[in-house]
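So the structure is just underneath, and the comments pick up after that.
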Amino acid sequence: MLGGLERLEYRGYDSAGIAVVTSDPEKLAMAKKAGKLTNLAKVLAESPLPDGTAAIGHTRWATHGGPTDSNAHPHLAAGGRIAIIHNGIIENYHSLRTELMEQGVEFQSETDTEAAGHLLASFVDKGQTLAQAMRSTALRLEGAFTLLAIDAREPHTVVGTRRNSPLVVGLGDGENFLGSDVVAFIEYTRTALELDQDEIVEITPEGVTVTTLTGAVVEREPFEVTWDASAAQKGGFATFMDKEIHDQPAAVADTLRGRLDDHGRLKLDEGTIPEALLAAVDKIIVVACGTAAYAGMVAKYAVEHWTRIPVEVELAHEFRYRDPILTARTLVVAMSQSGETMDTIMAIRHAKQQGSPVAAIVNVQGSTIAREADAVLYTRAGPEIAVASTKAFLAQISAAYLLGIYLAELRGNKFADEIASLLRDLDEMPSKIQRVLDTAEPLRDLARDMASEKTVLFLGRHVGYPVALEGALKLKELAYIHAEGFAAGELKHGPIALIEEGQPVFIVLPSPRGREVLHSKVISNIQEVRARGARTVVIAEEGDEAAAQFADHLVTVPQTPTLLMPLVTVVPLQIFAHELATAKGYDVDQPRNLAKSVTVE
Ligand code: F6R
């Protein structure tokens, strides 16, 4: 159980707990502890839980109630006979809590989850089985939830349900599993079953039963998880993030591999959007959050240039609330590593309600966004465990390039030889990324040297702008340093006032080849900050003579067509943030206050 929780810890790590059904029909065994999973592991090492017949475990990212021992999941009900765990937010918990307290229930925590536990127990008290009680409970709940429960009197059963939060079933041999993500059980089985909204699942060692809220039995085909168990291990690296940074050549190669059919048509992984509809699209809106939104910004530059279709990029949480203009000819593209980001899920639901087709670029198979989109192009980055996104970012950009090339081909914006040349350029990217990784050592020294800096600025133009934003985000979230990314041309409109003697400024320089004007504008921006005392770190193409003159520190990347440059220029920034955070003694895989899948709005 601890192994599964460890692989899920990226989802939340402010407390953890396990409950087990033992031979006692009146009481479950339980251990839970605030803090990271290692705290729970210490408790269990001192007083291990007895072996049992069914168990549930949880790692938490606090929403209702702080990260304390008592707010940690599982939560007990029915005098310790029933235990429940929960992801998501139960929006009507307050009224449920009042109702239950009026019936004499005493609460032990400040969580919304505990209300669901006592409600479930009240249905079991009325003679319902655990699965029936879960159904009755789900019918009373509003909001987003994945719930799992065990009852000491049903010693071989775990029941679960989901609404707007993820839950997948792992089908083993004489054992079955439930997890918010397949990584929880890929050590034991790679055969999995998706669950739809508002379904109830009951697992025993012998079987799995899925029913709807009305009790109708659901038959569903299992799918094979393509990831292997070793992909969720550190593989000799000190951190998952370092391993995932080094996975990037493979993540890009796998995402690109075998995607185009003999006619140069993109093979989507799931679903379809009719070609006639794609040919008629008059606007694309990318909806995403955080790093994935920066991948969307890169996509905008490339897709607009190749297809001449206007592309907007919108933070998913802003999109829905501003009454966006959506028609049947607007292609909405959701980008998400986890496929479970609630803001992005809500954005695509809104788009679908307005009649717009939705394509998803997602990393996790069977995730909510993948299931709800009309068509899916999977990034094949493998499991990304470190909270800060790295390889998923590169894979998202690669998938977006494929989509852009496909649309250009379909709509006749590019000749066949131009498409072939773009694809050749893309094919060379994995080895170029590998070269950046192989030459990163000086950057690690620089990061250690800058460990005590208070502010770091990042500048870029064109596709270098989202790269600058991503460099700043990585530094903020890992090293807790104030960092900001700017469009280099914007500096003179205000932010240049921040520059003083010694201020570190990273500049992402575009290729001088074929983009002389763009290149020379960024060189001017470097001079502007240098003239005011900035210490410049310039990321430039190999052989860029001008760059060397204006860089206090020069980091070179292989020569690459400008639109593809983010795949190489962001890598030094990832390594820099990783190294600097490590030098400060921080846990780079699990930065404070964050969770990998943000499954609340
Ligand atoms: C930053 C990071 C986040 C995610 C964002 C979207 O390193 O990981 O900004 O990119 O929360 O997550 P997904 O891609 O799962 O939708």
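As shown in the structure tokens, the chain order sets the letters A, B, ...; within each chain, residues go from 1, and ligands are also counted from 1 in the order they appear.
Pocket residues of ligand 1, taken as those with any atom at most 6 Å away using only C-alpha atoms and all ligand atoms, are Cys289, Gly290, Thr291, Ala292, Ser336, Gln337, Ser338, Gly339, Thr341, Val387, Ala388, Ser389, Ser597 and Val598 of chain A.
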Same residues, N, CA, C and O atoms, output as a short mmCIF file (atom, residue, chain, number, x, y, z; two decimals), in the first residue's frame:
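Output file again.cif is given in full below:
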data_model
loop_
_atom_site.label_atom_id
_atom_site.label_comp_id
_atom_site.auth_asym_id
_atom_site.auth_seq_id
_atom_site.Cartn_x
_atom_site.Cartn_y
_atom_site.Cartn_z
N CYS A 289 -3.65 25.26 -18.30
CA CYS A 289 -3.20 26.01 -17.12
C CYS A 289 -1.69 25.83 -16.95
O CYS A 289 -1.13 24.80 -17.33
N GLY A 290 -1.08 26.81 -16.34
CA GLY A 290 0.32 26.73 -15.92
C GLY A 290 1.24 26.41 -17.08
O GLY A 290 1.14 26.98 -18.18
N THR A 291 2.11 25.44 -16.86
CA THR A 291 3.08 25.05 -17.87
C THR A 291 2.40 24.63 -19.17
O THR A 291 2.86 24.96 -20.27
N ALA A 292 1.28 23.91 -19.04
CA ALA A 292 0.57 23.46 -20.25
C ALA A 292 0.09 24.66 -21.06
O ALA A 292 0.06 24.62 -22.30
N SER A 336 -3.22 19.11 -21.39
CA SER A 336 -3.11 18.76 -19.98
C SER A 336 -2.27 17.51 -19.82
O SER A 336 -2.50 16.52 -20.50
N GLN A 337 -1.32 17.56 -18.92
CA GLN A 337 -0.55 16.36 -18.62
C GLN A 337 -1.45 15.34 -17.96
O GLN A 337 -1.60 14.23 -18.43
N SER A 338 -2.06 15.75 -16.85
CA SER A 338 -2.83 14.80 -16.02
C SER A 338 -4.15 14.40 -16.67
O SER A 338 -4.66 13.32 -16.42
N GLY A 339 -4.72 15.33 -17.45
CA GLY A 339 -6.07 15.09 -17.96
C GLY A 339 -7.11 15.24 -16.87
O GLY A 339 -8.29 14.91 -17.08
N THR A 341 -7.07 18.21 -14.64
CA THR A 341 -7.11 19.57 -14.11
C THR A 341 -8.54 20.10 -14.20
O THR A 341 -9.09 20.23 -15.29
N VAL A 387 6.35 17.04 -9.30
CA VAL A 387 5.22 17.98 -9.39
C VAL A 387 5.44 19.01 -10.50
O VAL A 387 4.52 19.35 -11.24
N ALA A 388 6.67 19.49 -10.64
CA ALA A 388 6.94 20.47 -11.69
C ALA A 388 7.01 19.75 -13.04
O ALA A 388 7.73 18.77 -13.21
N SER A 389 6.26 20.27 -13.98
CA SER A 389 6.18 19.60 -15.28
C SER A 389 7.43 19.89 -16.11
O SER A 389 7.87 21.03 -16.20
N SER A 597 -1.85 17.17 -9.71
CA SER A 597 -3.11 17.32 -10.43
C SER A 597 -3.97 18.25 -9.62
O SER A 597 -4.29 17.95 -8.47
N VAL A 598 -4.34 19.36 -10.22
CA VAL A 598 -5.14 20.33 -9.46
C VAL A 598 -6.60 20.03 -9.75
O VAL A 598 -7.17 20.53 -10.73
#
> Which neighbours of segment 96-98 of chain A fall inside 12 Å, counting only C-alpha atoms, when residues of the same chain fewer than 5 positions from it are skipped, and could you give them as a PyMOL selection string?
Replying inline: chain A and resi 90-91+103-120+122+137+140-142
> So, counting only C-alpha atoms, which residue among A:Ala497, A:Val225, A:Ala19, A:Val568 is closest to Val252 of chain A?
Replying inline: A:Val568
Give me, as a compact mmCIF listing (two decimals) with N, CA and C atoms, in the first residue's frame, all polymer residues having an atom no more than 12 Å from Ala41 of chain A, counting only C-alpha atoms and skipping those fewer than 6 positions away in the same chain.
# COMPACT_ATOMS: atom_id res chain seq x y z
N MET A 1 0.85 -1.22 0.00
CA MET A 1 0.00 0.00 0.00
C MET A 1 0.88 1.26 0.00
N LEU A 2 1.94 1.22 0.84
CA LEU A 2 2.80 2.42 0.88
C LEU A 2 3.44 2.70 -0.48
N GLY A 3 3.79 1.63 -1.20
CA GLY A 3 4.41 1.80 -2.53
C GLY A 3 3.45 2.53 -3.47
N LEU A 5 0.95 4.45 -2.60
CA LEU A 5 0.77 5.83 -2.13
C LEU A 5 1.98 6.69 -2.52
N GLU A 6 3.16 6.07 -2.47
CA GLU A 6 4.37 6.82 -2.83
C GLU A 6 4.27 7.31 -4.28
N SER A 15 -0.54 15.20 4.16
CA SER A 15 -0.80 14.18 5.19
C SER A 15 -1.15 12.89 4.46
N ALA A 16 -1.11 11.79 5.20
CA ALA A 16 -1.39 10.50 4.55
C ALA A 16 -1.94 9.53 5.59
N GLY A 17 -2.66 8.52 5.11
CA GLY A 17 -3.21 7.54 6.04
C GLY A 17 -3.67 6.28 5.34
N ILE A 18 -3.82 5.22 6.16
CA ILE A 18 -4.25 3.91 5.64
C ILE A 18 -5.25 3.31 6.62
N ALA A 31 -3.95 4.05 10.56
CA ALA A 31 -2.85 4.94 10.94
C ALA A 31 -2.89 6.12 10.00
N LYS A 32 -2.71 7.34 10.56
CA LYS A 32 -2.64 8.51 9.68
C LYS A 32 -1.79 9.57 10.34
N LYS A 33 -1.17 10.40 9.51
CA LYS A 33 -0.20 11.33 10.06
C LYS A 33 -0.09 12.56 9.15
N ALA A 34 0.01 13.72 9.76
CA ALA A 34 0.25 14.94 8.99
C ALA A 34 1.66 14.90 8.40
N GLY A 35 1.86 15.62 7.32
CA GLY A 35 3.18 15.69 6.68
C GLY A 35 3.31 14.68 5.56
N SER A 47 4.67 1.02 14.84
CA SER A 47 3.54 0.14 15.17
C SER A 47 2.82 -0.25 13.89
N PRO A 48 3.25 -1.35 13.27
CA PRO A 48 2.67 -1.77 11.98
C PRO A 48 1.19 -2.11 12.12
N LEU A 49 0.47 -1.89 11.04
CA LEU A 49 -0.93 -2.30 11.01
C LEU A 49 -0.98 -3.81 10.76
> Near segment 299-303 of chain A, within 6 Å and counting only C-alpha atoms, which residues show up once chain neighbours fewer than 2 positions away are dropped, as a count of residues only?
Replying inline: 9
>> I need the residues of segment 17-152 of chain A that end up classed as strand (DSSP E or B) by DSSP on the backbone, written out as a PyMOL selection string.
In response: chain A and resi 17-21+29-34+54-60+75-77+82-90+143-151
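Atom to atom, atom CA of Ala370 of chain A and atom CA of Leu315 of chain A stand 18.4 Å apart.
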>> Env of segment 269-274 of chain A: 9 Å cut, atoms = only C-alpha atoms, seq-sep filter 2 positions within chain, self excluded. Answer as a ChimeraX atom specification.
In response: /A:267,276-279,357-359,370-371,373-378
Write a file of the just-selected residues containing all heavy atoms, as an mmCIF file, in the first residue's frame.
data_model
loop_
_atom_site.group_PDB
_atom_site.id
_atom_site.type_symbol
_atom_site.label_atom_id
_atom_site.label_comp_id
_atom_site.auth_asym_id
_atom_site.auth_seq_id
_atom_site.Cartn_x
_atom_site.Cartn_y
_atom_site.Cartn_z
ATOM 1 N N LYS A 267 -2.683 10.468 -37.241
ATOM 2 C CA LYS A 267 -3.509 9.411 -36.652
ATOM 3 C C LYS A 267 -3.813 9.812 -35.210
ATOM 4 O O LYS A 267 -2.905 9.861 -34.375
ATOM 5 C CB LYS A 267 -2.752 8.078 -36.675
ATOM 6 C CG LYS A 267 -2.703 7.449 -38.044
ATOM 7 C CD LYS A 267 -2.080 6.072 -37.990
ATOM 8 C CE LYS A 267 -0.602 6.151 -38.267
ATOM 9 N NZ LYS A 267 0.130 4.914 -38.184
ATOM 10 N N ALA A 276 -13.864 17.246 -42.672
ATOM 11 C CA ALA A 276 -14.572 18.383 -43.269
ATOM 12 C C ALA A 276 -14.694 19.503 -42.245
ATOM 13 O O ALA A 276 -14.554 20.686 -42.557
ATOM 14 C CB ALA A 276 -15.946 17.935 -43.740
ATOM 15 N N LEU A 277 -14.921 19.104 -40.992
ATOM 16 C CA LEU A 277 -15.068 20.099 -39.932
ATOM 17 C C LEU A 277 -13.713 20.792 -39.658
ATOM 18 O O LEU A 277 -13.626 22.007 -39.531
ATOM 19 C CB LEU A 277 -15.562 19.381 -38.678
ATOM 20 C CG LEU A 277 -16.337 20.181 -37.643
ATOM 21 C CD1 LEU A 277 -17.151 19.241 -36.778
ATOM 22 C CD2 LEU A 277 -15.419 20.999 -36.798
ATOM 23 N N LEU A 278 -12.656 19.968 -39.620
ATOM 24 C CA LEU A 278 -11.325 20.545 -39.373
ATOM 25 C C LEU A 278 -10.922 21.481 -40.512
ATOM 26 O O LEU A 278 -10.289 22.515 -40.290
ATOM 27 C CB LEU A 278 -10.278 19.435 -39.222
ATOM 28 C CG LEU A 278 -10.375 18.630 -37.928
ATOM 29 C CD1 LEU A 278 -9.356 17.496 -37.935
ATOM 30 C CD2 LEU A 278 -10.156 19.508 -36.700
ATOM 31 N N ALA A 279 -11.315 21.100 -41.707
ATOM 32 C CA ALA A 279 -10.962 21.937 -42.855
ATOM 33 C C ALA A 279 -11.683 23.281 -42.791
ATOM 34 O O ALA A 279 -11.219 24.276 -43.341
ATOM 35 C CB ALA A 279 -11.300 21.207 -44.152
ATOM 36 N N PRO A 357 -16.177 21.695 -31.360
ATOM 37 C CA PRO A 357 -15.454 20.431 -31.233
ATOM 38 C C PRO A 357 -14.239 20.600 -30.312
ATOM 39 O O PRO A 357 -13.613 21.663 -30.312
ATOM 40 C CB PRO A 357 -15.007 20.130 -32.668
ATOM 41 C CG PRO A 357 -15.059 21.444 -33.382
ATOM 42 C CD PRO A 357 -16.075 22.288 -32.695
ATOM 43 N N VAL A 358 -13.951 19.556 -29.540
ATOM 44 C CA VAL A 358 -12.845 19.631 -28.574
ATOM 45 C C VAL A 358 -11.834 18.528 -28.862
ATOM 46 O O VAL A 358 -12.178 17.347 -28.886
ATOM 47 C CB VAL A 358 -13.372 19.477 -27.119
ATOM 48 C CG1 VAL A 358 -12.206 19.407 -26.132
ATOM 49 C CG2 VAL A 358 -14.297 20.630 -26.754
ATOM 50 N N ALA A 359 -10.600 18.930 -29.098
ATOM 51 C CA ALA A 359 -9.505 17.962 -29.216
ATOM 52 C C ALA A 359 -8.661 18.085 -27.956
ATOM 53 O O ALA A 359 -8.526 19.175 -27.402
ATOM 54 C CB ALA A 359 -8.651 18.271 -30.446
ATOM 55 N N ALA A 370 -9.340 13.188 -21.517
ATOM 56 C CA ALA A 370 -9.242 12.279 -22.669
ATOM 57 C C ALA A 370 -10.603 11.670 -22.983
ATOM 58 O O ALA A 370 -10.990 11.529 -24.145
ATOM 59 C CB ALA A 370 -8.225 11.179 -22.381
ATOM 60 N N ARG A 371 -11.342 11.349 -21.948
ATOM 61 C CA ARG A 371 -12.641 10.699 -22.191
ATOM 62 C C ARG A 371 -13.691 11.677 -22.698
ATOM 63 O O ARG A 371 -14.558 11.317 -23.479
ATOM 64 C CB ARG A 371 -13.125 10.015 -20.922
ATOM 65 C CG ARG A 371 -12.373 8.717 -20.648
ATOM 66 C CD ARG A 371 -13.186 7.749 -19.830
ATOM 67 N NE ARG A 371 -13.948 8.439 -18.807
ATOM 68 C CZ ARG A 371 -13.449 8.796 -17.632
ATOM 69 N NH1 ARG A 371 -12.210 8.502 -17.338
ATOM 70 N NH2 ARG A 371 -14.188 9.428 -16.749
ATOM 71 N N ALA A 373 -13.191 14.590 -24.382
ATOM 72 C CA ALA A 373 -12.893 15.292 -25.635
ATOM 73 C C ALA A 373 -13.442 14.481 -26.820
ATOM 74 O O ALA A 373 -13.633 13.271 -26.724
ATOM 75 C CB ALA A 373 -11.396 15.465 -25.782
ATOM 76 N N ASP A 374 -13.667 15.175 -27.939
ATOM 77 C CA ASP A 374 -14.128 14.456 -29.134
ATOM 78 C C ASP A 374 -13.001 13.638 -29.740
ATOM 79 O O ASP A 374 -13.246 12.600 -30.354
ATOM 80 C CB ASP A 374 -14.638 15.467 -30.171
ATOM 81 C CG ASP A 374 -15.837 16.236 -29.643
ATOM 82 O OD1 ASP A 374 -16.809 15.580 -29.255
ATOM 83 O OD2 ASP A 374 -15.779 17.472 -29.575
ATOM 84 N N ALA A 375 -11.780 14.115 -29.622
ATOM 85 C CA ALA A 375 -10.635 13.389 -30.177
ATOM 86 C C ALA A 375 -9.434 13.617 -29.279
ATOM 87 O O ALA A 375 -9.319 14.662 -28.638
ATOM 88 C CB ALA A 375 -10.327 13.891 -31.583
ATOM 89 N N VAL A 376 -8.551 12.616 -29.224
ATOM 90 C CA VAL A 376 -7.403 12.699 -28.324
ATOM 91 C C VAL A 376 -6.110 12.401 -29.063
ATOM 92 O O VAL A 376 -6.024 11.446 -29.833
ATOM 93 C CB VAL A 376 -7.502 11.665 -27.166
ATOM 94 C CG1 VAL A 376 -6.388 11.890 -26.150
ATOM 95 C CG2 VAL A 376 -8.847 11.720 -26.495
ATOM 96 N N LEU A 377 -5.117 13.235 -28.811
ATOM 97 C CA LEU A 377 -3.763 12.961 -29.268
ATOM 98 C C LEU A 377 -2.952 12.819 -27.983
ATOM 99 O O LEU A 377 -2.787 13.796 -27.245
ATOM 100 C CB LEU A 377 -3.280 14.165 -30.092
ATOM 101 C CG LEU A 377 -1.942 14.052 -30.788
ATOM 102 C CD1 LEU A 377 -1.926 12.862 -31.742
ATOM 103 C CD2 LEU A 377 -1.648 15.334 -31.565
ATOM 104 N N TYR A 378 -2.529 11.601 -27.693
ATOM 105 C CA TYR A 378 -1.792 11.412 -26.447
ATOM 106 C C TYR A 378 -0.342 11.852 -26.603
ATOM 107 O O TYR A 378 0.301 11.537 -27.602
ATOM 108 C CB TYR A 378 -1.809 9.939 -26.018
ATOM 109 C CG TYR A 378 -3.095 9.525 -25.338
ATOM 110 C CD1 TYR A 378 -3.953 8.612 -25.915
ATOM 111 C CD2 TYR A 378 -3.443 10.078 -24.107
ATOM 112 C CE1 TYR A 378 -5.143 8.244 -25.296
ATOM 113 C CE2 TYR A 378 -4.621 9.723 -23.479
ATOM 114 C CZ TYR A 378 -5.463 8.810 -24.071
ATOM 115 O OH TYR A 378 -6.633 8.462 -23.456
#
>> Please list as a PyMOL selection string every residue within 12 Å of Leu491 of chain A, counting only C-alpha atoms and excluding residues in the same chain fewer than 3 positions away.
In response: chain A and resi 457-461+484-488+494-499+505+507+522+524-526+528-529
Those same residues - N, CA and C atoms - I'd like them written as a PDB file, in the first residue's frame.
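Below is the file that was written, selection-v4.pdb:
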ATOM      1  N   LEU A 457      15.188  37.389 -13.427  1.00  0.00           N
ATOM      2  CA  LEU A 457      14.265  37.759 -14.513  1.00  0.00           C
ATOM      3  C   LEU A 457      14.586  36.944 -15.767  1.00  0.00           C
ATOM      4  N   PHE A 458      13.566  36.710 -16.570  1.00  0.00           N
ATOM      5  CA  PHE A 458      13.711  35.925 -17.795  1.00  0.00           C
ATOM      6  C   PHE A 458      13.072  36.706 -18.945  1.00  0.00           C
ATOM      7  N   LEU A 459      13.805  36.837 -20.032  1.00  0.00           N
ATOM      8  CA  LEU A 459      13.287  37.574 -21.188  1.00  0.00           C
ATOM      9  C   LEU A 459      13.292  36.702 -22.434  1.00  0.00           C
ATOM     10  N   GLY A 460      12.297  36.912 -23.261  1.00  0.00           N
ATOM     11  CA  GLY A 460      12.277  36.217 -24.549  1.00  0.00           C
ATOM     12  C   GLY A 460      11.315  36.926 -25.480  1.00  0.00           C
ATOM     13  N   ARG A 461      11.509  36.723 -26.756  1.00  0.00           N
ATOM     14  CA  ARG A 461      10.563  37.246 -27.753  1.00  0.00           C
ATOM     15  C   ARG A 461      10.034  36.072 -28.567  1.00  0.00           C
ATOM     16  N   GLU A 484      10.416  36.380 -12.676  1.00  0.00           N
ATOM     17  CA  GLU A 484       9.378  36.828 -13.617  1.00  0.00           C
ATOM     18  C   GLU A 484       9.866  36.675 -15.037  1.00  0.00           C
ATOM     19  N   GLY A 485       8.959  36.281 -15.901  1.00  0.00           N
ATOM     20  CA  GLY A 485       9.265  36.198 -17.317  1.00  0.00           C
ATOM     21  C   GLY A 485       8.598  37.361 -18.037  1.00  0.00           C
ATOM     22  N   PHE A 486       9.315  37.968 -18.958  1.00  0.00           N
ATOM     23  CA  PHE A 486       8.755  39.089 -19.724  1.00  0.00           C
ATOM     24  C   PHE A 486       8.979  38.876 -21.206  1.00  0.00           C
ATOM     25  N   ALA A 487       8.057  39.419 -21.999  1.00  0.00           N
ATOM     26  CA  ALA A 487       8.340  39.570 -23.422  1.00  0.00           C
ATOM     27  C   ALA A 487       9.434  40.646 -23.480  1.00  0.00           C
ATOM     28  N   ALA A 488      10.552  40.344 -24.129  1.00  0.00           N
ATOM     29  CA  ALA A 488      11.722  41.224 -24.034  1.00  0.00           C
ATOM     30  C   ALA A 488      11.405  42.655 -24.448  1.00  0.00           C
ATOM     31  N   GLY A 494       8.261  49.454 -18.604  1.00  0.00           N
ATOM     32  CA  GLY A 494       8.089  49.460 -17.148  1.00  0.00           C
ATOM     33  C   GLY A 494       9.074  48.591 -16.388  1.00  0.00           C
ATOM     34  N   PRO A 495       9.079  47.267 -16.668  1.00  0.00           N
ATOM     35  CA  PRO A 495       9.865  46.376 -15.800  1.00  0.00           C
ATOM     36  C   PRO A 495      11.365  46.678 -15.770  1.00  0.00           C
ATOM     37  N   ILE A 496      11.874  47.438 -16.749  1.00  0.00           N
ATOM     38  CA  ILE A 496      13.317  47.717 -16.750  1.00  0.00           C
ATOM     39  C   ILE A 496      13.726  48.490 -15.487  1.00  0.00           C
ATOM     40  N   ALA A 497      12.751  49.109 -14.826  1.00  0.00           N
ATOM     41  CA  ALA A 497      13.045  49.811 -13.568  1.00  0.00           C
ATOM     42  C   ALA A 497      13.551  48.843 -12.496  1.00  0.00           C
ATOM     43  N   LEU A 498      13.291  47.567 -12.674  1.00  0.00           N
ATOM     44  CA  LEU A 498      13.747  46.572 -11.688  1.00  0.00           C
ATOM     45  C   LEU A 498      15.249  46.318 -11.768  1.00  0.00           C
ATOM     46  N   ILE A 499      15.841  46.639 -12.913  1.00  0.00           N
ATOM     47  CA  ILE A 499      17.243  46.248 -13.125  1.00  0.00           C
ATOM     48  C   ILE A 499      18.175  47.130 -12.309  1.00  0.00           C
ATOM     49  N   VAL A 505      19.676  38.241 -15.208  1.00  0.00           N
ATOM     50  CA  VAL A 505      18.637  38.233 -16.247  1.00  0.00           C
ATOM     51  C   VAL A 505      18.981  37.138 -17.260  1.00  0.00           C
ATOM     52  N   ILE A 507      18.245  35.515 -20.849  1.00  0.00           N
ATOM     53  CA  ILE A 507      17.635  35.939 -22.119  1.00  0.00           C
ATOM     54  C   ILE A 507      17.640  34.756 -23.087  1.00  0.00           C
ATOM     55  N   VAL A 522      16.350  41.308 -29.969  1.00  0.00           N
ATOM     56  CA  VAL A 522      16.633  40.750 -28.638  1.00  0.00           C
ATOM     57  C   VAL A 522      18.049  41.140 -28.201  1.00  0.00           C
ATOM     58  N   SER A 524      19.423  43.916 -28.815  1.00  0.00           N
ATOM     59  CA  SER A 524      19.260  45.279 -28.274  1.00  0.00           C
ATOM     60  C   SER A 524      18.727  45.217 -26.847  1.00  0.00           C
ATOM     61  N   ASN A 525      17.767  44.303 -26.614  1.00  0.00           N
ATOM     62  CA  ASN A 525      17.203  44.182 -25.261  1.00  0.00           C
ATOM     63  C   ASN A 525      18.278  43.726 -24.267  1.00  0.00           C
ATOM     64  N   ILE A 526      19.173  42.870 -24.735  1.00  0.00           N
ATOM     65  CA  ILE A 526      20.258  42.434 -23.827  1.00  0.00           C
ATOM     66  C   ILE A 526      21.129  43.648 -23.477  1.00  0.00           C
ATOM     67  N   GLU A 528      20.299  46.714 -23.425  1.00  0.00           N
ATOM     68  CA  GLU A 528      19.579  47.636 -22.531  1.00  0.00           C
ATOM     69  C   GLU A 528      19.712  47.215 -21.064  1.00  0.00           C
ATOM     70  N   VAL A 529      19.592  45.925 -20.809  1.00  0.00           N
ATOM     71  CA  VAL A 529      19.685  45.512 -19.390  1.00  0.00           C
ATOM     72  C   VAL A 529      21.132  45.508 -18.903  1.00  0.00           C
TER      73      VAL A 529
END
> So which bits of segment 73-145 of chain A end up alpha helix (DSSP H) when you DSSP the backbone, as a VMD selection string?
Replying inline: chain A and resid 93 to 102 113 to 125 130 to 140
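Distances to Asp125 of chain A were evaluated for A:Ala78, A:Val557, A:Ala250, A:Ile89 using only C-alpha atoms, and the minimum falls at A:Ala78.
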> If you count only C-alpha atoms, which residues fall within 12 Å of Gly235 of chain A, apart from same-chain ones fewer than 6 positions away, as a PyMOL selection string?
Replying inline: chain A and resi 229+241-244+246-247
With all heavy atoms retained, write the just-selected residues as a short mmCIF file (atom, residue, chain, number, x, y, z; two decimals), in the first residue's frame.
data_model
loop_
_atom_site.label_atom_id
_atom_site.label_comp_id
_atom_site.auth_asym_id
_atom_site.auth_seq_id
_atom_site.Cartn_x
_atom_site.Cartn_y
_atom_site.Cartn_z
N ALA A 229 6.01 -0.42 -15.29
CA ALA A 229 6.18 -0.05 -13.88
C ALA A 229 7.48 0.72 -13.66
O ALA A 229 7.54 1.64 -12.85
CB ALA A 229 6.16 -1.31 -13.03
N MET A 241 12.40 14.59 -10.82
CA MET A 241 12.46 15.68 -11.79
C MET A 241 13.70 15.55 -12.68
O MET A 241 13.63 15.72 -13.90
CB MET A 241 12.46 17.04 -11.09
CG MET A 241 12.41 18.17 -12.10
SD MET A 241 12.36 19.77 -11.33
CE MET A 241 12.60 20.80 -12.77
N ASP A 242 14.85 15.23 -12.05
CA ASP A 242 16.07 15.09 -12.85
C ASP A 242 15.90 13.94 -13.85
O ASP A 242 16.27 14.04 -15.02
CB ASP A 242 17.27 14.83 -11.92
CG ASP A 242 18.58 15.25 -12.57
OD1 ASP A 242 18.53 15.98 -13.59
OD2 ASP A 242 19.65 14.86 -12.07
N LYS A 243 15.29 12.86 -13.37
CA LYS A 243 15.06 11.72 -14.26
C LYS A 243 14.14 12.15 -15.42
O LYS A 243 14.39 11.83 -16.59
CB LYS A 243 14.41 10.59 -13.48
CG LYS A 243 14.20 9.34 -14.31
CD LYS A 243 12.87 8.74 -14.05
CE LYS A 243 12.60 7.66 -15.06
NZ LYS A 243 11.19 7.57 -15.39
N GLU A 244 13.11 12.90 -15.10
CA GLU A 244 12.15 13.28 -16.13
C GLU A 244 12.74 14.29 -17.12
O GLU A 244 12.43 14.28 -18.30
CB GLU A 244 10.85 13.78 -15.47
CG GLU A 244 10.11 12.60 -14.85
CD GLU A 244 9.09 12.94 -13.79
OE1 GLU A 244 8.80 14.14 -13.60
OE2 GLU A 244 8.58 12.00 -13.14
N HIS A 246 15.79 14.14 -18.00
CA HIS A 246 16.59 13.28 -18.88
C HIS A 246 15.75 12.35 -19.75
O HIS A 246 16.24 11.79 -20.72
CB HIS A 246 17.62 12.49 -18.04
CG HIS A 246 18.75 13.36 -17.60
ND1 HIS A 246 18.66 14.17 -16.49
CD2 HIS A 246 19.97 13.61 -18.15
CE1 HIS A 246 19.77 14.86 -16.37
NE2 HIS A 246 20.59 14.54 -17.37
N ASP A 247 14.49 12.19 -19.38
CA ASP A 247 13.57 11.40 -20.22
C ASP A 247 13.15 12.17 -21.47
O ASP A 247 12.46 11.62 -22.34
CB ASP A 247 12.25 11.12 -19.47
CG ASP A 247 12.35 9.98 -18.46
OD1 ASP A 247 13.35 9.26 -18.50
OD2 ASP A 247 11.43 9.85 -17.64
#
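Considering only C-alpha atoms, the residue among A:His519, A:His58, A:Arg349, A:Lys596 positioned nearest to Asn164 of chain A is A:Arg349.
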>> Here is a test: counting only C-alpha atoms, which residue of A:Glu175, A:Asp24, A:Asp552, A:Glu224 is nearest to Glu154 of chain A?
In response: A:Asp24
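Taking atom CA of Pro383 of chain A and atom CA of Tyr13 of chain A as the two end points, the separation is 17.8 Å.
The smallest atom-to-atom distance between Tyr401 of chain A and any of A:Arg515, A:Ile385, A:His156, A:Arg259, using only C-alpha atoms, is found for A:Arg259.
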> Smallest atom-to-atom distance to Glu199 of chain A: which of A:Tyr465, A:Phe240, A:Tyr294, A:Phe145, using only C-alpha atoms?
Replying inline: A:Phe145
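The coordinates place atom CA of Thr379 of chain A at 19.3 Å from atom CA of Ala316 of chain A.
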